[in-house]
Number of protein chains: 4
Amino acid sequence: MNHDTPDKLPKSQKWSGEEIGKHSTDSDCWVIIHGRAYDVTEFKAEHPGGSKIIMKFAGKDATETYDPIHPPDTLDKYLARDKHMGEVNMETVEVEHEADPDEEDRKERIKRMPILEQCYNLMDFEAVARRVMKKTAWAYYSSGADDEITMRENHSAYHKIWFRPRILHDVETIDLSTTMLDSKVDIPFYVTATALGKLGNPEGEVILTRGARKHNVVQMIPTLASCSFDEICDAAEGSGQPQWLQLYVNKDRAITERIVKHAEARGVKGLFITVDAPQLGRREKDMRSKFDDVGSNVQDTGGDNVDRSQGAARAISSFIDPSLSWKDVPWFQSITKMPIILKGVQRVEDVLQAVEMGVQGVVLSNHGGRQLDFARSGIEVLAEVMPVLREKGLQDRIELYVDGGVRRATDIIKALCLGAKGVGIGRPFLYAMSAYGLPGVDRAMQLLKDEMTMNMRLIGASSVDQLEPSMVNTRGLSMHSTAVPSDTLGLNVYDPLVNPPEKARL
Amino acid sequence: MNHDTPDKLPKSQKWSGEEIGKHSTDSDCWVIIHGRAYDVTEFKAEHPGGSKIIMKFAGKDATETYDPIHPPDTLDKYLARDKHMGEVNMETVEVEHEADPDEEDRKERIKRMPILEQCYNLMDFEAVARRVMKKTAWAYYSSGADDEITMRENHSAYHKIWFRPRILHDVETIDLSTTMLDSKVDIPFYVTATALGKLGNPEGEVILTRGARKHNVVQMIPTLASCSFDEICDAAEGSGQPQWLQLYVNKDRAITERIVKHAEARGVKGLFITVDAPQLGRREKDMRSKFDDVGSNVQDTGGDNVDRSQGAARAISSFIDPSLSWKDVPWFQSITKMPIILKGVQRVEDVLQAVEMGVQGVVLSNHGGRQLDFARSGIEVLAEVMPVLREKGLQDRIELYVDGGVRRATDIIKALCLGAKGVGIGRPFLYAMSAYGLPGVDRAMQLLKDEMTMNMRLIGASSVDQLEPSMVNTRGLSMHSTAVPSDTLGLNVYDPLVNPPEKARL
Amino acid sequence: MNHDTPDKLPKSQKWSGEEIGKHSTDSDCWVIIHGRAYDVTEFKAEHPGGSKIIMKFAGKDATETYDPIHPPDTLDKYLARDKHMGEVNMETVEVEHEADPDEEDRKERIKRMPILEQCYNLMDFEAVARRVMKKTAWAYYSSGADDEITMRENHSAYHKIWFRPRILHDVETIDLSTTMLDSKVDIPFYVTATALGKLGNPEGEVILTRGARKHNVVQMIPTLASCSFDEICDAAEGSGQPQWLQLYVNKDRAITERIVKHAEARGVKGLFITVDAPQLGRREKDMRSKFDDVGSNVQDTGGDNVDRSQGAARAISSFIDPSLSWKDVPWFQSITKMPIILKGVQRVEDVLQAVEMGVQGVVLSNHGGRQLDFARSGIEVLAEVMPVLREKGLQDRIELYVDGGVRRATDIIKALCLGAKGVGIGRPFLYAMSAYGLPGVDRAMQLLKDEMTMNMRLIGASSVDQLEPSMVNTRGLSMHSTAVPSDTLGLNVYDPLVNPPEKARL
Amino acid sequence: MNHDTPDKLPKSQKWSGEEIGKHSTDSDCWVIIHGRAYDVTEFKAEHPGGSKIIMKFAGKDATETYDPIHPPDTLDKYLARDKHMGEVNMETVEVEHEADPDEEDRKERIKRMPILEQCYNLMDFEAVARRVMKKTAWAYYSSGADDEITMRENHSAYHKIWFRPRILHDVETIDLSTTMLDSKVDIPFYVTATALGKLGNPEGEVILTRGARKHNVVQMIPTLASCSFDEICDAAEGSGQPQWLQLYVNKDRAITERIVKHAEARGVKGLFITVDAPQLGRREKDMRSKFDDVGSNVQDTGGDNVDRSQGAARAISSFIDPSLSWKDVPWFQSITKMPIILKGVQRVEDVLQAVEMGVQGVVLSNHGGRQLDFARSGIEVLAEVMPVLREKGLQDRIELYVDGGVRRATDIIKALCLGAKGVGIGRPFLYAMSAYGLPGVDRAMQLLKDEMTMNMRLIGASSVDQLEPSMVNTRGLSMHSTAVPSDTLGLNVYDPLVNPPEKARL
């Protein structure tokens with residue numbers, strides 16, 4: 001195909017579906033996105049997600065698949081202006097209904113969803129979401145790095161912390177409120193940044209904004225949101241609702257500076273610079289799911305898919321600067337007055353360094369187990385950090401946050417006993433949103449509040465400032481043990497004990 | 001409906017079932033309980049268990065469901081006199097036999113129950129009870145807080161304690177008797193307080209009274225019994241059988257004072273003030289079972305069930321005073337001469353405080369794992385407490401009891417080695433009672449005696465005062481570890497070893 | 001029935017089966033054993049195994065069931081002379097072939113047994129034995145106390161010990177021989193005493209004698225053997241094969257003295273006094289299996305079975321003296337010159353006491369996990385004992401043996417590294433005997449020798465005296481931990497990783 | 001049969017298949033290998049693999065089974081010249097196609113193999129290989145010693161090491177290269193020696209050579225290769241690709257000297273003397289698989305198979321000298337200038353001895369878990385060794401390598417943090433080769449590079465010399481614990497929590 005102007009339409013005219021359909025070969029490939037045609041013939045070889053996925057939509061409407069995984073301004077940024085071929089008359093585009101048995105099953109499962117009131121805890125939303133989400137969306141949200149050991153450890157680590165509750169303190173009135181970076185919030189958790197919200201719900205991250213507003217908690221806005229930054233800010237407009245910005249630092253610092261200043265102008269209350277993701281992780285569950293999708297009847301391809309199939313997030317994150325270092329911190333301090341918080345700190349040495357450089361906070365985090373497998377849980381790092389800070393008298397010089405694995409109010413209480421100002425919660429709210437939309441997010445937050453009120457009473461604390469280290473036992477926390485591999489032959493021959501059997505039916 | 005007197009009957013007349021049946025709408029709702037009609041039209045909105053469950057019995061007899069979960073004086077207390085509509089001629093009330101497949105199955109399982117002699121240990125009663133109890137009753141008894149981790153830890157903690165038995169001591173005669181709060185008992189366990197006994201057996205807690213009498217052990221009478229306090233006292237009357245009172249402290253101290261003084265007057269030997277339950281716990285298994293019951297064909301209800309479905313116990317416990325504090329202890333000491341024991345102490349600091357305030361005992365307990373998940377087991381707390389008391393020379397100033405998870409005589413022996421005066425056992429006797437009634441309770445107690453006699457011999461102690469700390473190894477007790485999450489991919493590809501196969505059939 | 005002499009036969013006459021068959025009621029009950037009739041009408045109420053099991057054979061031949069669980073002289077001892085009714089003409093006794101589906105299945109399984117060469121390790125014999133043994137025999141051999149936790153721990157404890165092998169030592173020639181109580185043996189294990197050998201093989205313990213002779217290892221003769229003591233001694237006669245005697249001490253010391261002196265006269269080389277069994281254990285698997293047998297179509301019996309169904313071993317052990325104490329040791333030393341060894345010592349304090357009293361050895365043992373559940377493994381006790389003995393310079397004053405859980409030559413090597421002179425092996429040889437008879441025992445012993453030669457080479461020791469503590473790591477040995485109870489809800493929602501799927505079949 | 005010359009053919013003539021077929025009895029047994037006939041009538045009794053396997057091919061072509069498990073010069077070495085009967089006209093030899101259902105299934109599984117791009121990690125190759133390899137080949141590669149506990153521990157041990165990553169270091173450029181024994185390599189792993197490569201792929205070890213060359217890593221050439229030493233050297237010829245030699249020391253030192261000098265002449269860069277295998281291990285999975293193969297319709301054989309069925313590797317390793325000791329080291333140093341490395345060192349004492357004797361390196365290894373079960377993992381030994389070396393100032397006197405269980409780049413990074421120069425990887429490349437040939441090996445290595453680049457970034461190190469001990473937490477590494485045996489009865493009666501159920505289908 002040649003790219004002459006003849007293919008271009010005069011303004012005010014629209015392509016028909018039939019015309020678009022002719023551009024469906026490797027050497028002449030157009031796609032429709034949001035009612036406009038784009039010539040991606042040349043671009044597709046550079047497409048970070050590989051060319052295969054594009055060819056699947058050659059000559060067709062790709063909007064549904066494209067939308068959740070590309071920020072709104074993607075086409076403007078990455079596709080030359082002269083490849084934007086103009087509007088399409090969508091009434092002339094045939095909607096394909098290929099019979100997808102997986103999708104049929106999923107729709108059936110949606111019909112049989114339990115009602116919202118049957119979800120009693122945050123895991124319940126995840127159970128429902130797993131049944132009703134699209135497979136690829138589920139894979140993207142739920143996957144972690146390598147063997148997903150850190151991802152699971154994140155929650156499991158909380159199980160190594162046990163309570164030492166005190167009794168006979170007046171707990172009639174429980175005050176869950178606290179302050180994070182000078183914002184007053186109703187309960188010490190915040191909605192942490194997670195990418196690609198539209199995979200779970202067509203409205204995307206603004207649903208989380210509305211949930212956070214209702215419960216007066218902070219939302220951290222992700223760099224890789226499906227909604228644009230301004231859409232998310234707009235959703236909070238006028239409510240006084242505090243928002244923070246999670247930032248992947250661009251190789252082009254001018255872009256970064258623009259983003260930061262814009263955020264400050266829009267009233268964002270904290271700048272959370274991600275420091276645990278110089279490169280976005282390999283998540284095999286995600287990679288495998290994509291492969292299944294694109295490559296279901298694949299033949300041996302001689303290796304073409306190798307590097308490209310590593311997931312959307314990685315692809316769209318190629319702008320992230322892996323050379324970011326401590327030397328860049330003063331620059332950030334020079335361009336904004338927002339508090340600066342390093343997100344993804346993982347050992348005490350780096351917390352001390354952060355104090356030294358005058359940043360206002362750190363998030364002890366391993367990126368939800370999605371980056372380095374065998375990174376320790378944030379809560380374990382917290383238990384390492386806080387005693388050192390106290391010993392050096394630095395405990396008030398920096399705010400510590402923790403994220404990863406928080407599912408119960410008891411988890412929040414544990415983190416606060418160990419010295420955290422608050423905890424970030426990500427996936428659980430995504431799952432609640434994906435399964436039930438805003439009412440799901442609302443209920444999830446309400447359940448946490450109910451659990452927390454109850455458990456504050458039971459631990460003997462009427463406000464969060466009363467939570468302190470003597471209320472927990474962390475002896476087993478940093479012990480990473482695996483049992484001796486099992487003795488298969490010995491177990492094979494052991495007859496387990498049984499309870500009394502029922503009488504036989506006559 | 002209007003609430004005019006015309007609906008009232010002249011004394012000596014009775015309602016017919018047909019008349020009651022007319023009051024079966026949301027705006028005109030009567031129910032029959034124990035042969036009397038009650039107008040609950042207005043009350044049902046305030047019903048702690050929610051209005052749905054009431055509407056299920058609108059115009060009908062609710063006695064069977066009502067009875068086990070409401071103390072005898074509930075209607076007098078909570079329903080205005082003018083809503084007590086008078087007697088019903090029960091012969092005119094049609095007994096409904098709705099086909100309930102679950103209930104049919106249960107009846108079939110009851111027919112096939114193993115005989116009592118096939119129960120060899122306390123877990124066996126639980127296995128049978130699970131098969132033959134009503135689902136909701138089972139859910140109420142068996143559920144715990146949140147993830148039920150503390151509930152399971154309670155028994156599991158005993159497995160971390162190992163024996164160092166001594167040999168070649170004369171163990172021909174074994175004396176299991178001991179003294180608790182000056183009462184002589186035959187074996188160092190007591191029947192601890194558990195609520196709603198009629199869920200398991202229509203006669204309720206008096207069955208436990210009779211079992212305790214037969215084996216000469218103490219019964220602790222629960223505040224939330226299905227039987228009235230006096231019924232339970234009466235059942236012990238004249239036998240010299242010691243009883244204790246478990247007390248939830250009422251916001252209205254006058255009521256509490258009345259209860260305490262009445263108990264003392266009836267000869268109760270100890271006042272056990274519950275200090276681990278300023279609010280009764282969320283038990284999701286219980287909540288879910290209720291939901292299943294009421295809401296089996298539910299549609300989305302817009303949230304009405306949310307707060308109400310949290311279980312009967314929580315509902316009827318709204319009187320408990322969450323402001324109870326150390327400051328209240330002297331008041332209790334002023335109104336009674338009974339020994340005062342704090343039930344639900346969970347760390348050594350609070351035991352020391354209890355000694356200081358001159359209370360006679362504490363029960364190291366987490367309320368059977370039904371309140372704060374990740375509270376430590378009583379036996380672990382005991383191992384923390386006793387060395388400190390001994391170091392301070394306070395070991396004789398207070399009696400220590402432990403409950404939670406006791407299933408074997410070895411568990412009792414471990415607790416006594418570590419310094420407990422006795423252990424409380426709750427659920428196992430409920431299960432024995434639910435499955436087999438009094439003979440079940442009798443056998444359960446006898447099995448514990450048999451086990452204990454045997455195991456005292458094997459550990460080399462002929463009386464309980466010979467049990468001492470050097471007889472146990474507790475090195476692993478306070479280590480709360482979880483294994484590193486499993487390596488799924490690696491385990492997938494491992495071929496387990498196998499034993500020699502049988503020859504193929506020819 | 002009356003017990004007049006008319007029922008007695010003149011000498012030289014025999015009863016017919018038909019005549020015996022008339023005595024088959026509760027009030028007139030005879031049984032045939034080894035071709036002779038016995039009137040057990042009165043005795044059956046005192047029968048330690050309960051009367052039910054006797055009534056099953058009323059008027060019939062009971063030999064097959066009676067034989068393995070009663071020592072040869074039982075009838076003479078326990079049944080008055082005048083109840084011995086004389087010989088039966090066995091040709092007139094009808095052999096019953098009741099259809100027993102379990103037994104049919106078992107015979108089918110025997111047909112399909114793997115050949116002996118397919119057993120590669122000691123667990124393999126157990127796997128085969130489980131399939132081909134009678135259910136009650138299997139239950140008796142394989143059961144342990146309470147929850148069988150100590151029984152399983154016994155083997156599992158070896159898994160907590162890891163090797164620190166040394167390299168580059170000449171291991172061309174490996175010498176496995178050693179000396180135990182002055183007897184030279186070919187490999188440092190002995191066949192420990194186990195009861196009721198005829199349950200596994202009609203010839204009983206003499207098969208073990210022959211196996212031990214072939215491999216030149218010691219056999220310890222059990223008090224509760226199915227064969228008589230002299231039969232077992234006779235089987236060793238003339239071979240110079242060393243034998244030891246395991247002794248349950250009788251309440252009647254005259255009997256004990258007779259046994260000990262007789263053993264010494266027959267050349268027994270060591271007297272192993274059992275000190276961990278003042279009463280024989282409750283083994284629920286065994287009890288349950290008996291119940292199944294006798295009580296398969298039971299109705300509620302009002303409790304008659306309760307105490308009687310506790311297993312044959314317990315019944316026939318009623319003679320054991322629970323008052324045995326350290327004070328009795330000098331008496332034993334006064335009646336025999338054989339070395340005296342205490343079997344069942346479980347803590348260092350008692351080993352020191354044993355040294356003090358001048359006994360020649362102890363067996364660190366918990367009776368195969370059949371007595372006190374949560375008793376520690378012998379190997380764990382050994383690791384506690386040996387450093388103390390060395391510190392006090394007593395390591396050569398006493399020989400230490402260990403039994404329980406030994407299944408691999410590596411287990412033997414671990415015990416020797418930690419200071420044991422030798423290890424006892426019981427159940428594995430019983431299983432080898434039960435499955436394959438003498439060839440099974442032979443192969444089991446040979447496999448241990450092969451494994452041991454190999455593993456001595458690999459650990460870098462050419463003779464057993466080179467095995468020493470620096471060759472093992474025991475850091476985790478005495479840590480009895482249980483994992484935090486699992487997080488069911490969290491695990492429910494985790495999607496395990498999977499390997500690449502096969503392509504779908506077309 | 002008599003062995004007269006008449007059976008010999010004149011040169012230039014060939015046997016026909018029919019003629020060979022006549023020699024198929026126990027007393028007259030020929031086989032064809034690589035187109036030549038051999039008289040093995042007498043030899044077969046001495047055959048280390050037993051005579052049965054030979055009789056299976058009596059009178060037939062045995063090449064396919066013979067080839068992978070016999071080094072090329074086996075027949076010349078072990079079969080007397082006069083039993084080499086000359087060439088066979090292979091066109092006259094009937095190819096047997098016996099219906100082997102296992103083999104049919106395997107071929108079907110090969111057809112449905114996932115494509116190479118679906119393998120995302122090293123475990124994936126193993127999963128595919130297990131499905132598509134011949135059962136005996138799989139058994140040989142995948143089996144380990146005794147209970148295979150060390151084999152599994154090898155990988156599991158890495159899971160006890162957790163990262164302490166540092167942040168904000170410039171990781172734009174990652175340099176994975178390093179130097180091993182003066183050879184520059186692109187990534188710090190090498191292909192370690194594994195036997196019998198042709199079991200997995202008909203071309204054998206040369207495939208690994210080509211893979212190693214492509215990625216510029218070292219290959220260690222095994223003594224027991226299926227290819228000859230020279231074939232493997234030839235495959236590397238001219239590329240400058242570094243190779244090492246793994247050496248089993250022959251009882252005949254002249255042979256050993258010849259091998260060593262030849263290797264040095266061919267340019268081999270390091271001599272790795274195996275010190276953990278004075279005798280090759282018993283691997284029951286392997287033994288059992290062989291038995292299944294040969295003995296599928298076996299009758300009891302009276303023991304003939306006992307010693308012979310212990311696996312090909314053991315058989316062909318009978319030349320290994322178990323008397324090898326530290327005294328031999330100087331002799332090796334005298335015959336070669338190649339660096340000498342001891343492979344299979346397992347405790348710090350022996351590393352110190354190695355330093356003392358001036359060897360250049362050690363491999364901390366337990367032979368892939370194939371020798372001594374309960375030997376510790378190499379990585380655990382490394383964590384023991386390195387601090388001692390550093391304390392003594394010896395850390396630069398010797399190079400430490402580790403092998404066993406390496407599956408992820410994170411494993412490599414952990415080893416390097418703890419002080420290893422590099423890690424050996426064996427089975428994973430064999431599996432990649434067996435499943436996909438050279439492309440499989442290539443992809444496996446590329447995946448490791450991708451993982452490592454990523455994970456170096458995430459740990460905050462831009463080159464391998466920056467990896468250091470503070471980046472890992474090894475607290476749980478040397479703790480070998482097993483959980484207390486499970487409480488079967490208790491677990492039986494526990495009702496696990498469940499998530500909300502789906503609505504019933506209507």
# chains A, B, ... in the order shown; residues from 1 in each chain; ligands from 1
$ closest_atom_pairs --of "chain D" --to "chain B" --cutoff "8 Å" --atoms "only C-alpha atoms" --output "tab-separated table"
residue	atom	partner	partner_atom	distance
D:Met123	CA	B:Gly490	CA	6.3
D:Asp124	CA	B:Leu489	CA	7.7
D:Glu126	CA	B:Val493	CA	6.6
D:Ala127	CA	B:Val493	CA	5.5
D:Arg130	CA	B:Val493	CA	7.7
D:Asp147	CA	B:Leu497	CA	7.4
D:His159	CA	B:Val484	CA	6.9
D:Lys160	CA	B:Val484	CA	7.3
D:Lys285	CA	B:Leu497	CA	6.6
D:Val484	CA	B:His159	CA	7.0
D:Leu489	CA	B:Met123	CA	6.3
D:Gly490	CA	B:Met123	CA	6.3
D:Asn492	CA	B:Ala127	CA	7.7
D:Val493	CA	B:Ala127	CA	5.5
D:Leu497	CA	B:Lys285	CA	6.6
$ residues_around --residues "Gly204 (chain D)" --least-positions-apart "5" --cutoff "10 Å" --atoms "only C-alpha atoms" --output "PyMOL selection string"
chain D and resi 68+195-199+209+225-228+232+430+433-434+437
$ write_last_selection --atoms "N, CA and C atoms" --output "PDB file, in the first residue's frame"
ATOM      1  N   PRO D  68      22.447 -44.425  24.048  1.00  0.00           N
ATOM      2  CA  PRO D  68      22.600 -43.288  24.971  1.00  0.00           C
ATOM      3  C   PRO D  68      23.295 -43.643  26.270  1.00  0.00           C
ATOM      4  N   ALA D 195      25.278 -36.562  32.862  1.00  0.00           N
ATOM      5  CA  ALA D 195      25.604 -37.758  32.084  1.00  0.00           C
ATOM      6  C   ALA D 195      24.531 -38.076  31.046  1.00  0.00           C
ATOM      7  N   LEU D 196      24.924 -38.845  30.059  1.00  0.00           N
ATOM      8  CA  LEU D 196      24.000 -39.527  29.145  1.00  0.00           C
ATOM      9  C   LEU D 196      23.058 -38.597  28.380  1.00  0.00           C
ATOM     10  N   GLY D 197      23.655 -37.616  27.731  1.00  0.00           N
ATOM     11  CA  GLY D 197      22.853 -36.631  27.007  1.00  0.00           C
ATOM     12  C   GLY D 197      21.996 -37.224  25.901  1.00  0.00           C
ATOM     13  N   LYS D 198      22.409 -38.347  25.325  1.00  0.00           N
ATOM     14  CA  LYS D 198      21.620 -38.884  24.216  1.00  0.00           C
ATOM     15  C   LYS D 198      20.296 -39.493  24.678  1.00  0.00           C
ATOM     16  N   LEU D 199      20.126 -39.684  25.970  1.00  0.00           N
ATOM     17  CA  LEU D 199      18.804 -40.101  26.442  1.00  0.00           C
ATOM     18  C   LEU D 199      17.756 -39.043  26.104  1.00  0.00           C
ATOM     19  N   THR D 209      26.814 -27.710  23.899  1.00  0.00           N
ATOM     20  CA  THR D 209      27.995 -26.953  23.474  1.00  0.00           C
ATOM     21  C   THR D 209      27.583 -25.776  22.599  1.00  0.00           C
ATOM     22  N   ALA D 225      29.596 -38.616  29.456  1.00  0.00           N
ATOM     23  CA  ALA D 225      28.827 -38.120  28.316  1.00  0.00           C
ATOM     24  C   ALA D 225      28.453 -39.261  27.379  1.00  0.00           C
ATOM     25  N   SER D 226      27.363 -39.062  26.643  1.00  0.00           N
ATOM     26  CA  SER D 226      27.025 -39.993  25.562  1.00  0.00           C
ATOM     27  C   SER D 226      27.910 -39.723  24.351  1.00  0.00           C
ATOM     28  N   CYS D 227      28.204 -38.464  24.096  1.00  0.00           N
ATOM     29  CA  CYS D 227      29.176 -38.133  23.057  1.00  0.00           C
ATOM     30  C   CYS D 227      30.577 -38.376  23.624  1.00  0.00           C
ATOM     31  N   SER D 228      31.529 -38.561  22.745  1.00  0.00           N
ATOM     32  CA  SER D 228      32.892 -38.710  23.233  1.00  0.00           C
ATOM     33  C   SER D 228      33.452 -37.333  23.568  1.00  0.00           C
ATOM     34  N   ILE D 232      32.790 -33.440  21.733  1.00  0.00           N
ATOM     35  CA  ILE D 232      32.310 -32.229  22.421  1.00  0.00           C
ATOM     36  C   ILE D 232      33.313 -31.093  22.260  1.00  0.00           C
ATOM     37  N   LEU D 430      19.143 -29.766  30.129  1.00  0.00           N
ATOM     38  CA  LEU D 430      18.830 -31.099  29.577  1.00  0.00           C
ATOM     39  C   LEU D 430      17.359 -31.173  29.171  1.00  0.00           C
ATOM     40  N   MET D 433      16.735 -29.138  26.083  1.00  0.00           N
ATOM     41  CA  MET D 433      17.270 -29.880  24.945  1.00  0.00           C
ATOM     42  C   MET D 433      16.368 -31.062  24.595  1.00  0.00           C
ATOM     43  N   SER D 434      15.896 -31.775  25.599  1.00  0.00           N
ATOM     44  CA  SER D 434      15.077 -32.958  25.341  1.00  0.00           C
ATOM     45  C   SER D 434      13.742 -32.581  24.712  1.00  0.00           C
ATOM     46  N   GLY D 437      15.341 -29.359  21.606  1.00  0.00           N
ATOM     47  CA  GLY D 437      16.643 -29.311  20.950  1.00  0.00           C
ATOM     48  C   GLY D 437      17.365 -28.000  21.188  1.00  0.00           C
TER      49      GLY D 437
END
$ atom_distance --atom1 "CA of Arg210 (chain A)" --atom2 "CA of Thr274 (chain A)"
24.3 Å
$ atom_distance --atom1 "CA of Arg390 (chain D)" --atom2 "CA of Thr474 (chain C)"
24.8 Å
$ select_by_dssp --residues "region 325-374 of chain B" --states "alpha helix (DSSP H)" --output "PyMOL selection string"
chain B and resi 329-335+348-356
$ residues_around --residues "Arg164 (chain C)" --least-positions-apart "2" --cutoff "7 Å" --atoms "only C-alpha atoms" --output "list in words"
Trp162, Arg166, Met471, Val472 and Asn473 of chain C; Gln346, Arg347 and Ala375 of chain D
$ residues_around --residues "region 353-355 of chain B" --least-positions-apart "5" --cutoff "9 Å" --atoms "only C-alpha atoms" --output "list of chain:residue names"
B:Trp326, B:Ile341, B:Leu342, B:Val348, B:Gln360, B:Gly361, B:Val362, B:Leu394, B:Arg397, B:Ile398
$ residues_around --residues "Ser365 (chain B)" --least-positions-apart "6" --cutoff "6 Å" --atoms "only C-alpha atoms" --output "list of chain:residue names"
B:Gly344, B:Gly378, B:Val402, B:Asp403
$ closest_residue --among "A:Glu205, A:Asp230, A:Glu46, A:Asp82" --to "Ile259 (chain A)" --atoms "only C-alpha atoms"
A:Asp230
$ closest_residue --among "C:Asp465, C:Glu391, C:Glu380, C:Asp442" --to "Val217 (chain C)" --atoms "only C-alpha atoms"
C:Asp442
$ residues_around --residues "Glu108 (chain D)" --least-positions-apart "4" --cutoff "12 Å" --atoms "only C-alpha atoms" --output "PyMOL selection string"
(chain C and resi 502-506) or (chain D and resi 101-104+112-113+131-133)
$ write_last_selection --atoms "N, CA, C and O atoms" --output "CSV table (one decimal), in the first residue's frame"
chain,number,residue,atom,x,y,z
C,502,GLU,N,-0.9,-28.3,26.9
C,502,GLU,CA,-0.8,-29.0,25.6
C,502,GLU,C,-1.8,-28.3,24.6
C,502,GLU,O,-2.8,-27.7,25.0
C,503,LYS,N,-1.5,-28.4,23.3
C,503,LYS,CA,-2.4,-28.0,22.3
C,503,LYS,C,-3.7,-28.8,22.4
C,503,LYS,O,-3.6,-30.0,22.8
C,504,ALA,N,-4.8,-28.2,22.1
C,504,ALA,CA,-6.0,-29.0,22.1
C,504,ALA,C,-6.0,-30.1,21.1
C,504,ALA,O,-5.4,-29.9,20.0
C,505,ARG,N,-6.6,-31.2,21.3
C,505,ARG,CA,-6.8,-32.2,20.3
C,505,ARG,C,-7.7,-31.6,19.2
C,505,ARG,O,-8.7,-30.9,19.5
C,506,LEU,N,-7.4,-31.9,18.0
C,506,LEU,CA,-8.2,-31.3,16.9
C,506,LEU,C,-9.5,-32.1,16.7
C,506,LEU,O,-9.6,-33.2,17.2
D,101,PRO,N,1.8,-49.3,24.1
D,101,PRO,CA,0.8,-48.2,24.3
D,101,PRO,C,1.4,-47.0,25.0
D,101,PRO,O,1.1,-45.9,24.6
D,102,ASP,N,2.4,-47.1,25.9
D,102,ASP,CA,3.1,-46.0,26.4
D,102,ASP,C,3.7,-45.1,25.4
D,102,ASP,O,3.6,-43.9,25.4
D,103,GLU,N,4.4,-45.8,24.4
D,103,GLU,CA,5.1,-45.1,23.4
D,103,GLU,C,4.1,-44.4,22.4
D,103,GLU,O,4.3,-43.3,22.0
D,104,GLU,N,2.9,-45.1,22.2
D,104,GLU,CA,1.9,-44.4,21.4
D,104,GLU,C,1.4,-43.1,22.0
D,104,GLU,O,1.3,-42.1,21.4
D,112,ARG,N,1.2,-32.8,20.4
D,112,ARG,CA,0.5,-31.7,21.0
D,112,ARG,C,1.3,-30.8,21.9
D,112,ARG,O,0.8,-30.0,22.8
D,113,MET,N,2.7,-30.9,21.7
D,113,MET,CA,3.6,-30.0,22.5
D,113,MET,C,3.2,-28.6,22.3
D,113,MET,O,3.0,-28.1,21.2
D,131,ARG,N,6.4,-34.7,29.7
D,131,ARG,CA,5.4,-35.2,28.9
D,131,ARG,C,5.9,-35.9,27.6
D,131,ARG,O,5.3,-36.8,27.1
D,132,VAL,N,7.0,-35.4,27.1
D,132,VAL,CA,7.4,-35.9,25.8
D,132,VAL,C,8.7,-36.9,25.8
D,132,VAL,O,9.0,-37.5,24.8
D,133,MET,N,9.4,-37.0,26.9
D,133,MET,CA,10.5,-37.8,27.0
D,133,MET,C,10.1,-39.3,27.2
D,133,MET,O,9.0,-39.6,27.7
